[in-house]
Amino acid sequence: MSIDEKTVRKMARLARIALPEARVQPMVSELNGILAWIEQLNEVDIEGVEPMTSAVEGVTLPMREDKVTDGDAPERVLANAPKAEDGFFVVPKVVE
Amino acid sequence: MTDLTSLTLKDALEGMARKEFTALELTDAFLDAIDLANPHLNAFVVVTHDKARAMAKESDKRRAKGKAKPLDGAPLGIKDLFCTEGVRTTACSNILGEFTPTYESTVTANLWRDGAVMLGKLNMDEFAMGSSNETSRFGAVVNPWRRGNEDAKLTPGGSSGGSAAATAADLCLGATATDTGGSIRQPAAFTGTVGIKPTYGRCSRWGIVAFASSLDQAGPIAKTVEDAAILLQSMVSHDPKDSTSLPLKKKPDYAKACGRSIRGLTIGVPEEYRIPGMPAEIEALWAKGVEWAKEAGAKIKPISLKHTKYALPCYYIVAPAEASSNLARYDGMRYGARVEGQSLVDAYEKTRAAGFGAEVQRRILIGAFVLSAGYQEAYYLRAQKVRARIAEDFRAAFADVDAILTPATPSAAFALGEKSGDPVEMYLNDIFTVTANLAGLPALALPAALDQQGLPLGLQVIGKALDEETVFAVSSALEKAAGFRGKPAKWWS
């Protein structure tokens with residue numbers, strides 16, 4: 001499996017990263033270099049193997065009570081906003 | 001008075017307990033050392049002079065009242081991946097701008113609870129993605145070690161390059177670090193320091209900037225095995241804010257485990273780690289490690305971890321996949337640096353293109369690809385199954401052995417710029433360390449010898465899940481046998 005310019009452009013679009021035209025071809029070869037190396041995983045017999053989901057056996061994810069334990073700190077939430085006004089984040093217009 | 005900065009953590013804590021010096025004197029000694037060395041080493045990206053001195057004064061007050069805590073007055077460096085309240089935290093990425101957390105990570109909060117003093121934030125590869133500290137927005141860290149009398153700048157390794165360099169150069173008593181594929185152990189090996197990645201789930205990941213959530217784990221870099229044990233003791237905790245942090249009742253005593261005899265233990269030596277092209281010096285050091293373990297009374301058993309060669313390619317699917325998902329949050333809207341655009345999507349794309357460096361962009365795109373419709377099964381799902389195979393190998397091996405001994409890295413520290421051309425060549429640095437991340441196991445790197453060029457080389461001890469104590473016992477026996485006393489010459493002073 002190797003990827004082409006079209007796929008790289010699509011991935012960049014999905015990942016919301018503007019990729020300048022001059023970077024497309026180099027990215028294609030960099031990614032193909034990595035993918036070619038990853039191909040060796042096809043040699044491994046994975047018949048009947050469950051995908052790994054936990055590093056330590058016998059531990060289940062704990063559940064907590066569905067209760068609000070934190071919050072009510074709008075000024076802390078907004079402290080690092082690039083733009084904020086009247087307790088809100090200011091973002092570019094989304095709906096025309 | 002001896003140079004306070006050259007003390008181990010243990011000796012410094014004892015010195016303060018005996019009132020030989022104060023936390024403030026110790027802290028000032030480190031701040032002076034940082035101010036002198038940092039223009040040359042670039043290990044710190046923020047130095048918190050005022051905060052450090054204030055914390056040290058509080059520590060001295062506690063001690064005067066007889067209320068000293070386990071780490072009271074110990075000046076530490078904090079990797080820039082840990083959120084620190086009121087102190088800029090950027091994961092050494094441009095995309096976080098001047099982000100200044102309004103909260104504290106659980107691991108650092110545990111250290112402050114135990115009385116430690118924060119000296120500042122340590123340089124690292126951007127988002128912990130790298131093995132040479134060259135992808136940092138603040139530039140590379142320079143390894144305090146040099147080849148003989150050459151002045152070529154060497155890498156301290158990565159991603160915790162700042163943590164390792166600062167500890168090796170006596171700019172802190174020890175440091176926090178994180179390890180996703182080897183980012184604690186490889187820099188420790190490159191700088192003659194000790195680093196341990198505990199079992200996945202020992203340390204809370206809350207407040208640590210996420211890279212690959214199923215692999216990321218915090219741990220210390222320290223000057224000795226016992227110092228690493230003392231630091232880890234304070235760092236671990238069950239934290240309801242991280243659902244993967246383990247709810248363990250038993251509180252281990254890591255420092256005590258350091259003195260424990262290894263007589264009668266069985267140490268596994270995996271044949272598959274004898275990789276083609278491995279330098280003879282690494283091979284010889286490994287053999288020496290086996291001898292040391294035998295002399296300390298351990299039995300040696302050859303073992304097979306037959307999926308070892310697939311660990312790195314497996315990692316380079318799992319880690320980028322998780323990274324592409326974790327890093328989706330950086331959109332320039334709620335925090336960090338924003339680049340304005342003609343539309344919301346345009347702003348996202350420009351922000352992320354400007355904010356992420358080349359290696360991070362590469363990994364996000366690989367991750368997006370292996371998770372994309374039509375490819376997820378062939379790549380991501382297959383990799384998670386290979387990962388299960390790797391974990392099975394370890395489980396089978398640990399039925400017969402108590403710990404596993406391997407080299408820590410396939411080479412000594414290399415020069416800055418030497419390997420930045422080819423991503424895959426750079427990735428191979430983690431060949432011996434990445435398996436422990438995939439299987440979630442504790443693993444420690446300790447310095448064991450100098451190579452012919454005078455650079456440190458390390459050994460790695462891998463333990464069973466949750467058995468850090470045996471890892472510390474074996475490592476401290478090896479440390480004693482190796483008698484490694486190497487220190488870099490302080491060429492910057």
# chains A, B, ... in the order shown; residues from 1 in each chain; ligands from 1
call {"tool": "interface_residues", "arguments": {"of": "chain B", "to": "chain A", "cutoff": "6 Å", "atoms": "only C-alpha atoms", "output": "ChimeraX atom specification"}}
result
/B:313,334-335,344,349-350,352-353,365,384-385,388,439-440
call {"tool": "write_last_selection", "arguments": {"atoms": "C-alpha atoms", "output": "PDB file, in the first residue's frame"}}
result
ATOM      1  CA  PRO B 313       6.247  -0.541  13.351  1.00  0.00           C
ATOM      2  CA  ARG B 334     -10.115  28.293  23.294  1.00  0.00           C
ATOM      3  CA  TYR B 335      -6.415  28.561  24.125  1.00  0.00           C
ATOM      4  CA  LEU B 344     -13.625  28.942  10.557  1.00  0.00           C
ATOM      5  CA  GLU B 349      -6.059  24.987   8.879  1.00  0.00           C
ATOM      6  CA  LYS B 350      -3.810  28.041   9.119  1.00  0.00           C
ATOM      7  CA  ARG B 352      -2.558  24.124  12.817  1.00  0.00           C
ATOM      8  CA  ALA B 353      -0.162  24.572   9.874  1.00  0.00           C
ATOM      9  CA  LEU B 365      -1.293  12.711   8.897  1.00  0.00           C
ATOM     10  CA  GLN B 384      -3.572  -3.528  18.204  1.00  0.00           C
ATOM     11  CA  LYS B 385      -3.554  -7.286  17.561  1.00  0.00           C
ATOM     12  CA  ALA B 388      -1.505  -8.150  22.012  1.00  0.00           C
ATOM     13  CA  ALA B 439       2.903  -4.084  26.969  1.00  0.00           C
ATOM     14  CA  GLY B 440       2.410  -1.476  29.740  1.00  0.00           C
TER      15      GLY B 440
END
call {"tool": "select_by_dssp", "arguments": {"residues": "segment 150-308 of chain B", "states": "strand (DSSP E or B)", "output": "list of chain:residue names"}}
result
B:Leu154, B:Gly174, B:Ala175, B:Thr176, B:Ala177, B:Thr178, B:Asp179, B:Val194, B:Gly195, B:Ile196, B:Lys197, B:Ile208, B:Gln217, B:Ala218, B:Gly219, B:Pro220, B:Ile221, B:Ala222, B:Thr266, B:Ile267, B:Gly268, B:Val269, B:Pro270, B:Lys299, B:Ile300, B:Lys301, B:Pro302, B:Ile303
call {"tool": "atom_distance", "arguments": {"atom1": "atom CA of Gly157 of chain B", "atom2": "atom CA of Val141 of chain B"}}
result
8.7 Å
call {"tool": "closest_residue", "arguments": {"among": "B:Glu25, B:Tyr375, B:Gly97, B:Val401", "to": "Lys301 of chain B", "atoms": "only C-alpha atoms"}}
result
B:Val401
call {"tool": "select_by_dssp", "arguments": {"residues": "chain A", "states": "alpha helix (DSSP H)", "output": "PyMOL selection string"}}
result
chain A and resi 5-14+21-38+74-77
call {"tool": "atom_distance", "arguments": {"atom1": "atom CA of Ser183 of chain B", "atom2": "atom CA of Thr100 of chain B"}}
result
24.0 Å
call {"tool": "atom_distance", "arguments": {"atom1": "atom CA of Gly454 of chain B", "atom2": "atom CA of Asn429 of chain B"}}
result
19.6 Å
call {"tool": "closest_residue", "arguments": {"among": "B:Met129, B:Val474, B:Val318, B:Ala311", "to": "Arg362 of chain B", "atoms": "only C-alpha atoms"}}
result
B:Met129
call {"tool": "residues_around", "arguments": {"residues": "Val269 of chain B", "least_positions_apart": "4", "cutoff": "8 Å", "atoms": "only C-alpha atoms", "output": "ChimeraX atom specification"}}
result
/B:300-303,404-406
call {"tool": "residues_around", "arguments": {"residues": "Pro279 of chain B", "least_positions_apart": "6", "cutoff": "10 Å", "atoms": "only C-alpha atoms", "output": "list in words"}}
result
Pro410, Ser411 and Ala412 of chain B
call {"tool": "closest_residue", "arguments": {"among": "B:Leu26, B:Cys258, B:Leu455, B:Val107", "to": "Val471 of chain B", "atoms": "only C-alpha atoms"}}
result
B:Cys258
call {"tool": "residues_around", "arguments": {"residues": "Arg185 of chain B", "least_positions_apart": "4", "cutoff": "7 Å", "atoms": "only C-alpha atoms", "output": "JSON list (two decimals) with all heavy atoms, in the first residue's frame"}}
result
[["chain", "number", "residue", "atom", "x", "y", "z"],
["B", 189, "ALA", "N", 19.78, 7.08, 29.25],
["B", 189, "ALA", "CA", 20.94, 6.31, 28.79],
["B", 189, "ALA", "C", 21.98, 7.21, 28.10],
["B", 189, "ALA", "O", 23.18, 7.01, 28.23],
["B", 189, "ALA", "CB", 20.49, 5.20, 27.83],
["B", 195, "GLY", "N", 16.48, 6.56, 34.67],
["B", 195, "GLY", "CA", 15.09, 6.93, 34.38],
["B", 195, "GLY", "C", 14.20, 5.71, 34.44],
["B", 195, "GLY", "O", 14.58, 4.64, 33.95],
["B", 196, "ILE", "N", 13.05, 5.85, 35.07],
["B", 196, "ILE", "CA", 12.10, 4.72, 35.10],
["B", 196, "ILE", "C", 10.74, 5.13, 34.58],
["B", 196, "ILE", "O", 10.22, 6.20, 34.92],
["B", 196, "ILE", "CB", 11.96, 4.09, 36.51],
["B", 196, "ILE", "CG1", 10.91, 2.94, 36.47],
["B", 196, "ILE", "CG2", 11.59, 5.12, 37.58],
["B", 196, "ILE", "CD1", 10.87, 2.06, 37.69],
["B", 408, "ALA", "N", 19.81, -0.50, 26.88],
["B", 408, "ALA", "CA", 18.79, 0.55, 26.88],
["B", 408, "ALA", "C", 18.62, 1.17, 25.49],
["B", 408, "ALA", "O", 17.50, 1.52, 25.09],
["B", 408, "ALA", "CB", 19.14, 1.64, 27.90],
["B", 444, "LEU", "N", 13.34, 0.35, 33.56],
["B", 444, "LEU", "CA", 14.28, 1.35, 34.08],
["B", 444, "LEU", "C", 15.58, 1.30, 33.29],
["B", 444, "LEU", "O", 16.06, 0.22, 32.96],
["B", 444, "LEU", "CB", 14.55, 1.06, 35.57],
["B", 444, "LEU", "CG", 15.47, 2.02, 36.34],
["B", 444, "LEU", "CD1", 15.05, 2.06, 37.82],
["B", 444, "LEU", "CD2", 16.94, 1.65, 36.23],
["B", 445, "ALA", "N", 16.11, 2.48, 32.96],
["B", 445, "ALA", "CA", 17.43, 2.56, 32.33],
["B", 445, "ALA", "C", 18.42, 3.10, 33.33],
["B", 445, "ALA", "O", 18.14, 4.08, 34.03],
["B", 445, "ALA", "CB", 17.38, 3.46, 31.10]]
